[in-house]
Amino acid sequence: MIRILHVVGTMDMGGQETFIMNLYRKIDKKQMQFDFVVHSQKRGYYDDEIEKLGGKIFRIAPIGKHVWKHCKELYSILKNNDYNIIHRHTCSSIVAIDLLVAKIAKVKKRIVHCHATKATDHKYINVLLRPLMNYLSNVKLACSISAGKFLFGKKEKFKVIYNAIDVQKFKFDESVRNNIREKYNSKEKFVIGHVGRFGKEKNHMFLLKVFKDIVEEDKNVELWLIGDGELKEQVQKAAENDNIKSKVKFLGTQSDVSKFLMAIDVFVFPSLYEGLGIALIEAQCTGLNCVVSDEITQEAIITDNVKKLKLNIDPKYWAETILNSKSTKRYINFDTPEIQKYTVEYLINQMKEVYN
């Protein structure tokens with residue numbers, strides 16, 4: 001059996017974490033087992049499930065705050081558990097430090113996996129350490145072409161591994177839709193939805209501006225925000241200041257996002273940047289019409305139900321587009337090549353090749 005050590009920030013609900021768990025749940029545990037290094041002492045959303053599946057979770061010092069301590073702890077884990085594969089998930093070349101530790105610990109396969117098209121921090125380090133990261137990594141993966149070019153550079157070779165979802169789970173169900181809408185007293189409402197952590201890249205403040213314009217046109221409307229994050233309180237306060245808080249539902253982290261996607265009428269995704277945009281793919285699989293920013297990579301557009309808009313245009317234009325995009329026909333053909341490449345089965349076959 002191969003044991004693979006995944007190194008991530010924390011195993012909370014997010015794009016890269018969901019990618020790992022979709023893979024972890026389906027792999028043959030007799031052939032492969034995942035362990036995790038996280039940089040937080042707090043338990044993450046997926047920690048209980050990881051341990052039930054047989055995975056170990058190691059907590060070490062954050063690389064950005066305690067570099068030397070981080071390196072010592074990572075080296076100890078690698079040597080004491082005899083890993084042959086380290087899978088480092090990132091959007092910054094600062095992970096060159098971890099790769100150097102892994103090489104010293106004689107880890108044979110050192111995988112770097114990029115999940116974004118921009119680094120939220122370490123911007124200068126990202127440029128400086130890129131050559132070392134490229135040299136020390138012997139497998140380079142990215143969630144999209146643009147993400148790979150951002151992290152590894154335009155000349156470096158890398159393999160695109162699309163973030164997978166359980167597509168059948170997102171097949172539209174009218175009864176599920178009605179149950180959720182009734183539960184939240186929204187049966188007769190025009191519901192606009194967004195899924196994503198409350199971080200700068202998700203652009204919630206712009207979404208509130210758009211929604212304020214929508215409310216001026218249609219009072220029978222609600223905005224559902226699914227997710228949590230460091231900017232949540234700031235967004236809640238902004239909604240209160242704009243006198244629209246009564247029409248905005250902050251639904252927190254949900255274990256079954258598919259039910260909420262079935263319940264909403266239009267999906268809005270005004271991100272400043274995305275590695276791929278897994279929430280958008282999930283929304284399309286429920287048959288939703290989607291209004292998104294033109295920063296979304298083309299690889300995330302898998303149906304004809306997506307309208308791209310520029311972020312620098314008047315929010316009123318976004319509002320008009322959303323109001324005219326209510327989803328009616330919710331049937332999706334899951335057998336198309338565009339959707340099949342995002343299935344868990346396709347992902348497992350790709351990752352078996354990578355790990356073996």
# chains A, B, ... in the order shown; residues from 1 in each chain; ligands from 1
call {"tool": "closest_atom_pairs", "arguments": {"of": "region 117-195 of chain A", "to": "region 94-113 of chain A", "cutoff": "7 Å", "atoms": "only C-alpha atoms", "output": "CSV"}}
result
residue,atom,partner,partner_atom,distance
A:Ile125,CA,A:Ile94,CA,6.4
A:Asn126,CA,A:Ile94,CA,6.2
A:Leu129,CA,A:Ile94,CA,6.3
A:Leu132,CA,A:Ala96,CA,6.1
A:Met133,CA,A:Ala96,CA,4.3
A:Leu136,CA,A:Leu99,CA,6.0
A:Ser137,CA,A:Arg110,CA,5.1
A:Asn138,CA,A:Arg110,CA,5.6
A:Val139,CA,A:Ile111,CA,4.7
A:Lys140,CA,A:Val112,CA,5.1
A:Leu141,CA,A:His113,CA,4.5
A:Ala142,CA,A:His113,CA,5.4
call {"tool": "residues_around", "arguments": {"residues": "region 180-196 of chain A", "least_positions_apart": "5", "cutoff": "8 Å", "atoms": "only C-alpha atoms", "output": "mmCIF file with N, CA and C atoms, in the first residue's frame"}}
result
data_model
loop_
_atom_site.group_PDB
_atom_site.id
_atom_site.type_symbol
_atom_site.label_atom_id
_atom_site.label_comp_id
_atom_site.auth_asym_id
_atom_site.auth_seq_id
_atom_site.Cartn_x
_atom_site.Cartn_y
_atom_site.Cartn_z
ATOM 1 N N GLY A 14 -13.194 23.993 1.268
ATOM 2 C CA GLY A 14 -12.720 24.913 0.238
ATOM 3 C C GLY A 14 -12.451 24.124 -1.027
ATOM 4 N N LYS A 202 -13.327 36.301 -3.656
ATOM 5 C CA LYS A 202 -14.711 35.984 -4.025
ATOM 6 C C LYS A 202 -15.548 37.229 -4.302
ATOM 7 N N ASN A 220 -39.200 41.220 -4.301
ATOM 8 C CA ASN A 220 -39.456 39.813 -3.955
ATOM 9 C C ASN A 220 -38.225 38.952 -4.235
ATOM 10 N N VAL A 221 -37.071 39.397 -3.751
ATOM 11 C CA VAL A 221 -35.806 38.752 -4.097
ATOM 12 C C VAL A 221 -35.000 38.493 -2.832
ATOM 13 N N GLU A 222 -34.176 37.443 -2.868
ATOM 14 C CA GLU A 222 -33.268 37.124 -1.763
ATOM 15 C C GLU A 222 -31.901 36.751 -2.316
ATOM 16 N N LEU A 223 -30.890 36.985 -1.494
ATOM 17 C CA LEU A 223 -29.528 36.566 -1.815
ATOM 18 C C LEU A 223 -29.089 35.550 -0.775
ATOM 19 N N TRP A 224 -28.727 34.338 -1.222
ATOM 20 C CA TRP A 224 -28.239 33.296 -0.328
ATOM 21 C C TRP A 224 -26.717 33.204 -0.467
ATOM 22 N N LEU A 225 -26.017 33.386 0.640
ATOM 23 C CA LEU A 225 -24.556 33.293 0.659
ATOM 24 C C LEU A 225 -24.147 32.072 1.471
ATOM 25 N N ILE A 226 -23.540 31.105 0.804
ATOM 26 C CA ILE A 226 -23.133 29.846 1.443
ATOM 27 C C ILE A 226 -21.621 29.840 1.606
ATOM 28 N N GLY A 227 -21.163 29.673 2.845
ATOM 29 C CA GLY A 227 -19.738 29.661 3.122
ATOM 30 C C GLY A 227 -19.417 30.446 4.382
ATOM 31 N N ASP A 228 -18.175 30.352 4.796
ATOM 32 C CA ASP A 228 -17.666 31.103 5.943
ATOM 33 C C ASP A 228 -16.280 31.627 5.593
ATOM 34 N N LYS A 259 -28.087 20.581 -2.606
ATOM 35 C CA LYS A 259 -29.494 20.869 -2.285
ATOM 36 C C LYS A 259 -29.790 22.354 -2.394
ATOM 37 N N PHE A 260 -28.846 23.176 -1.988
ATOM 38 C CA PHE A 260 -29.048 24.625 -2.034
ATOM 39 C C PHE A 260 -28.951 25.144 -3.476
ATOM 40 N N LEU A 261 -28.076 24.529 -4.258
ATOM 41 C CA LEU A 261 -27.983 24.914 -5.663
ATOM 42 C C LEU A 261 -29.277 24.577 -6.406
ATOM 43 N N ALA A 263 -32.142 24.728 -5.063
ATOM 44 C CA ALA A 263 -33.182 25.613 -4.547
ATOM 45 C C ALA A 263 -33.122 27.026 -5.109
ATOM 46 N N ILE A 264 -31.942 27.474 -5.566
ATOM 47 C CA ILE A 264 -31.823 28.853 -6.033
ATOM 48 C C ILE A 264 -32.223 28.975 -7.506
ATOM 49 N N ASP A 265 -32.367 30.227 -7.962
ATOM 50 C CA ASP A 265 -32.849 30.495 -9.325
ATOM 51 C C ASP A 265 -31.747 30.947 -10.276
ATOM 52 N N VAL A 266 -30.752 31.647 -9.755
ATOM 53 C CA VAL A 266 -29.605 32.086 -10.559
ATOM 54 C C VAL A 266 -28.360 32.007 -9.688
ATOM 55 N N PHE A 267 -27.265 31.526 -10.253
ATOM 56 C CA PHE A 267 -25.992 31.460 -9.538
ATOM 57 C C PHE A 267 -25.106 32.609 -10.007
ATOM 58 N N VAL A 268 -24.556 33.373 -9.048
ATOM 59 C CA VAL A 268 -23.709 34.530 -9.378
ATOM 60 C C VAL A 268 -22.320 34.308 -8.793
ATOM 61 N N PHE A 269 -21.285 34.575 -9.603
ATOM 62 C CA PHE A 269 -19.906 34.236 -9.230
ATOM 63 C C PHE A 269 -18.960 35.335 -9.732
ATOM 64 N N ALA A 279 -17.247 25.570 -7.550
ATOM 65 C CA ALA A 279 -18.645 25.882 -7.222
ATOM 66 C C ALA A 279 -19.438 26.197 -8.486
#
call {"tool": "residues_around", "arguments": {"residues": "Tyr83 (chain A)", "least_positions_apart": "3", "cutoff": "9 Å", "atoms": "only C-alpha atoms", "output": "ChimeraX atom specification"}}
result
/A:2-5,77-80,86,106-108
call {"tool": "residues_around", "arguments": {"residues": "Phe170 (chain A)", "least_positions_apart": "6", "cutoff": "8 Å", "atoms": "only C-alpha atoms", "output": "MDAnalysis selection string"}}
result
chainID A and resid 258:259 262 282 285:286
call {"tool": "write_last_selection", "arguments": {"atoms": "C-alpha atoms", "output": "CSV table (one decimal), in the first residue's frame"}}
result
chain,number,residue,atom,x,y,z
A,258,SER,CA,-26.1,20.5,-4.1
A,259,LYS,CA,-29.5,20.9,-2.3
A,262,MET,CA,-31.2,23.1,-6.6
A,282,GLU,CA,-21.4,22.3,-9.5
A,285,CYS,CA,-24.5,20.5,-13.1
A,286,THR,CA,-27.8,21.4,-11.4
call {"tool": "select_by_dssp", "arguments": {"residues": "region 183-244 of chain A", "states": "strand (DSSP E)", "output": "list in words"}}
result
Phe190, Val191, Ile192, Gly193, His194, Val195, Val221, Glu222, Leu223, Trp224, Leu225 and Ile226 of chain A
call {"tool": "atom_distance", "arguments": {"atom1": "CA of Ser92 (chain A)", "atom2": "CA of Met11 (chain A)"}}
result
17.8 Å
call {"tool": "closest_residue", "arguments": {"among": "A:Arg25, A:Lys316, A:Lys169, A:Lys118", "to": "Ala147 (chain A)", "atoms": "only C-alpha atoms"}}
result
A:Lys118
call {"tool": "closest_residue", "arguments": {"among": "A:Ala61, A:Val291, A:Val127, A:Ile322", "to": "Lys310 (chain A)", "atoms": "only C-alpha atoms"}}
result
A:Val291
call {"tool": "atom_distance", "arguments": {"atom1": "CA of Lys42 (chain A)", "atom2": "CA of Thr10 (chain A)"}}
result
8.6 Å
call {"tool": "closest_residue", "arguments": {"among": "A:Leu288, A:Met351, A:Leu231, A:Ile296", "to": "Thr328 (chain A)", "atoms": "only C-alpha atoms"}}
result
A:Leu288
